[in-house]
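Taking it in order: structure first as C-alpha cells, then the write-up.
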There are 2 protein chains.
Amino acid sequence: MDSPLPLDCGRELKEVNIRYETAGTLNEDRSNAVLVTHALSGDAHVCGRHTPEDKKPGWWDEMIGPGRPVDTNKYFVICSNVIGGCSGSTGPQSIDPDTGKPYNMSFPVITVADMVRAQKRLVEHLGISKLLAVLGGSMGGMQVLQWAVDYPDAMECFIPIATASCFTPQNIAFDWVAREAIKADPNWNNGNYTPEASPDHGLAAARMLAHITYLSEESMGRKFGRALQNKSELDFAFNYDFAVESYLQYQGQRFVERFDANSYFYITRATDYFDLTAKTDGDLFKAVSNVKAAALVVAFSSDWLFPTEQSRKIVDALIRNGSEVSFCEIKSGYGHDAFLLEVDTLGRMIKDFLHYHQKGYSHE
Amino acid sequence: MDSPLPLDCGRELKEVNIRYETAGTLNEDRSNAVLVTHALSGDAHVCGRHTPEDKKPGWWDEMIGPGRPVDTNKYFVICSNVIGGCSGSTGPQSIDPDTGKPYNMSFPVITVADMVRAQKRLVEHLGISKLLAVLGGSMGGMQVLQWAVDYPDAMECFIPIATASCFTPQNIAFDWVAREAIKADPNWNNGNYTPEASPDHGLAAARMLAHITYLSEESMGRKFGRALQNKSELDFAFNYDFAVESYLQYQGQRFVERFDANSYFYITRATDYFDLTAKTDGDLFKAVSNVKAAALVVAFSSDWLFPTEQSRKIVDALIRNGSEVSFCEIKSGYGHDAFLLEVDTLGRMIKDFLHYHQKGYSHE
C-alpha cells in the first residue's frame with residue numbers, strides 16, 4: 001500500500017504489506033466476496049494447498065473450498081495475515097523504513113481496529129466496495145465485530161464466532177503471563193534476538209498456556225485423562241509422564257517453528273486492548289448503533305475463554321439496535337477450539353446464512 | 001526424626017525435619033488434636049503472630065485461634081510444613097547427608113502420601129494416637145483424603161475442602177506450563193541457583209499463572225474489570241496498563257520473596273501424581289473402602305480448578321462405602337480462593353462439625 005496507515009496509538013506505518021490469498025472467482029457485480037479473518041496464530045493460507053506436495057491444507061480447509069460450506073465455486077474468499085503478524089504482513093520482523101533495520105519491539109502497538117483498517121484497504125484495492133460477508137472466530141471474531149462497527153456499509157452480513165465484545169480481565173491475565181514467560185527467556189533480549197537464538201523456550205511455554213485455554217476440562221479429560229505417555233509407571237521425575245504433558249510439549253515445539261515471539265507480544269496486546277465499548281463508556285448498545293449488516297453470532301457451550309454469555313451480550317445489543325440477528329450456541333465439548341472442530345454443525349449454519357444473504361443481495 | 005522415611009518412589013529420606021507449629025493445649029486424654037494441612041504455598045504458621053510486631057498473622061488466622069471456628073481454647077491445633085517444601089521441613093534446599101550439599105533437583109520426587117507419612121510420624125511423636133480431625137483445602141484437602149485412606153483409625157473425622165480425588169489433566173497441564181516457565185529462566189540452571197541469582201522471573205510467571213486459576217472469571221471481573229492502573233488512557237506499550245496486570249505482577253513479586261523455585265517443582269509434581277485411585281484401577285469406591293472416619297466435604301460453586309463435581313465423586317464413593325458424610329457446596333464467586341475467603345460460612349460449618357464429633361468422641 002502506498003500511503004501510510006494511521007494507527008490508533010497515534011503513530012503510522014509508512015509502508016504496509018498485506019499478505020493475502022484468495023480462492024474462487026469474483027463475480028461480475030463484485031457481490032460474492034467473503035472476507036475471512038484469522039485467529040491469533042492464523043495466517044492468510046485459509047484453504048487449499050499451494051502445491052500438491054503440501055502435507056497440510058490451509059487452516060480452515062474443511063470450511064472453505066469447492067463444495068465446502070463456504071463454497072469457492074460460489075464465493076470469492078479473501079484471507080489476509082493481520083498487521084503485527086509474522087506470516088507475510090507488516091509486523092515487528094519487517095524492516096523499519098526509517099532505520100533500515102527490523103522493527104522488533106519498536107514496532108508500534110497495534111489494535112484490532114488497526115488490523116481491520118489495513119484489511120479495508122486491501123478490500124478496496126481488490127475493487128470491492130461491499131463484501132457479502134466478514135467471518136472469523138476468536139480474534140478473527142473481534143475483527144468481524146470491528147468491521148461491522150467501523151464499516152457498516154461495507155458488508156451484507158457478518159459472522160462473529162466464539163468471541164466477545166471485549167477481552168475479559170481473565171483473558172488479559174493469561175496474555176500477561178504468556179508474555180512474562182517469553183520475557184523470562186534470556187534469548188528474548190527485549191526483542192532483539194536472532195533466528196539462530198530465538199526465545200523458543202519462553203514462546204513454547206506461552207503457547208502451551210494458551211493451548212490449555214483453547215481446550216475444555218471435558219475434552220482434556222476425554223482425550224488424555226491421566227494416561228501415561230509410553231510408559232506403564234510414573235517416572236518420579238520431571239520429564240513428561242502424562243500424555244497431556246507430552247501433547248502440550250509437542251504443541252509448544254510446533255508453534256515456535258512457525259511463529260515469532262515479538263509478534264506474539266503485538267498480537268496478544270491487540271486482543272488485550274480490544275473493547276468495542278471503549279469509546280462509549282462501556283455501553284455496548286451505543287457501540288453497535290451504526291451496525292447495518294445482518295449478524296450470525298455463534299458460541300460454543302464448553303468455551304470458557306469466550307463463554308456463551310459474552311456472545312449473548314452482543315446479540316442483545318444488536319437486537320436492541322434493531323439489527324437482523326441470528327444466534328446459536330452449539331453444544332460441544334471441545335472448548336474454544338470447537339470453532340475449528342465443529343465444522344459440520346457450524347458449516348451448515350454458515351452455508352445457509354451466506355446463501356440467504358447472497359440471494360437477498362442479488363434481488364435488491 | 002531419627003529413622004529414615006521411606007518414599008513412594010522407592011528411595012528414602014535419611015534425615016527428615018518437620019517444621020510444625022501448635023496452638024491451644026492438648027487435653028488429658030489427647031482427644032482434641034486437629035491437624036491442619038496446608039495448600040501448595042502454605043507453611044506451618046497457620047494462626048497467630050510469632051511476635052506482636054508481625055505485620056501478618058498465620059495464613060488461616062481467621063479460621064483458627066481463640067474464639068475462632070477452630071477454637072484453640074478447645075482444640076489443640078497442629079500444622080506442619082510439608083516435606084518437599086521450603087518453609088522449614090526437609091526439601092530440595094536441605095543438605096543431602098550423603099554429599100554435604102543441598103539436594104536441589106537431586107531431592108527425590110515425593111508424593112502426597114509421602115507428605116502424609118511424615119505428618120503421621122509427627123503426630124505420633126506428639127503422643128497422639130487418634131486425631132479429632134484432619135482438615136485442609138486444595139493440596140491440603142488431598143492430604144486430608146490421603147490421611148483418611150492410609151490411616152483410617154487415626155482420626156474421628158476429616159474435612160477435605162475445595163479438592164479432588166485426583167488431579168485432572170487440566171490441572172497437570174497448568175503445572176507443566178508453570179514449570180516450563182521456571183525452566184525458561186536461565187537463573188534456574190537445572191536447579192543449581194544461588195540465593196543471589198535465583199530464577200525469580202520464571203517463578204513469578206509460574207505463580208501468576210497459578211493465581212489466575214485460583215480466581216474466577218466473575219471475581220476478576222468484579223475486582224478489576226478492564227480498569228486501568230493509575231492511568232486514564234492505554235499506554236500502547238507492554239508495561240502494565242490494566243489493574244489486573246499490576247495485581248498479578250505484585251502477586252508474582254511477593255511470591256518469589258517467600259518461595260523456592262525447586263520446591264515449586266516438587267510440590268506441584270506431588271499434586272500431579274495425586275490419584276487416590278491409582279492402586280484401584282480408577283475405582284474410587286474401592287479406594288475409600290478402608291475409610292472409617294466421618295467426612296465433611298466442602299466445595300465452592302465458582303471453583304473451576306477443583307469443580308464441585310470432583311467433590312461429589314468423593315461424596316458418592318464415601319456414601320456407597322457406608323461412611324458418615326456431610327457435603328456442602330458453598331455459593332461463592334471467589335473461585336478456588338474461596339476456601340480462604342469464605343471464612344464465615346465455611347467456619348460455621350467446620351465449627352459445628354468439630355463440636356459434634358468431639359462430643360461423640362467424649363461420650364464413647
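Starting from 1 in every chain, residues are counted up; chains themselves are A, B, ... following the order of the C-alpha cells, and ligands are numbered from 1 as listed.
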Closest atom pairs, chain A residues within 8 Å of chain B, only C-alpha atoms, as a tab-separated table:
```
residue	atom	partner	partner_atom	distance
A:Cys9	CA	B:Phe236	CA	6.1
A:Pro108	CA	B:Phe236	CA	7.7
A:Val109	CA	B:Phe236	CA	5.3
A:Ile110	CA	B:Phe236	CA	7.7
A:Thr168	CA	B:Arg226	CA	6.9
A:Pro169	CA	B:Gly225	CA	5.7
A:Gln170	CA	B:Glu217	CA	5.9
A:Ile172	CA	B:Glu245	CA	7.5
A:Ala173	CA	B:Glu245	CA	6.2
A:Phe174	CA	B:Leu209	CA	7.1
A:Trp176	CA	B:Glu245	CA	6.6
A:Val177	CA	B:Ala205	CA	5.8
A:Glu180	CA	B:Ala205	CA	5.9
A:Ala181	CA	B:Ala181	CA	5.4
A:Ala184	CA	B:Asp185	CA	5.1
A:Asp185	CA	B:Ala184	CA	5.1
A:Pro186	CA	B:Pro186	CA	6.5
A:His201	CA	B:Ala184	CA	5.5
A:Gly202	CA	B:Ala184	CA	5.7
A:Ala205	CA	B:Val177	CA	5.8
A:Met208	CA	B:Val177	CA	6.4
A:Leu209	CA	B:Val177	CA	6.1
A:Ile212	CA	B:Ala173	CA	7.0
A:Glu217	CA	B:Gln170	CA	5.9
A:Met220	CA	B:Pro169	CA	6.1
A:Gly221	CA	B:Pro169	CA	6.2
A:Phe224	CA	B:Pro169	CA	6.8
A:Gly225	CA	B:Pro169	CA	5.7
A:Arg226	CA	B:Pro169	CA	6.0
A:Phe236	CA	B:Val109	CA	5.3
A:Ala237	CA	B:Val109	CA	6.3
A:Phe238	CA	B:Arg269	CA	7.6
A:Val244	CA	B:Pro169	CA	6.3
A:Glu245	CA	B:Ala173	CA	6.2
A:Leu248	CA	B:Ala173	CA	7.5
A:Phe265	CA	B:Phe238	CA	7.9
A:Arg269	CA	B:Phe238	CA	7.6
```
Could you tell me, as a PyMOL selection string, which residues of stretch 90-262 of chain A DSSP assigns to strand (DSSP E) when given the backbone? chain A and resi 95-96+101-102+131-137+155-161
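For the pair atom CA of B:Ser232 and atom CA of A:Thr271, the separation is 18.9 Å.
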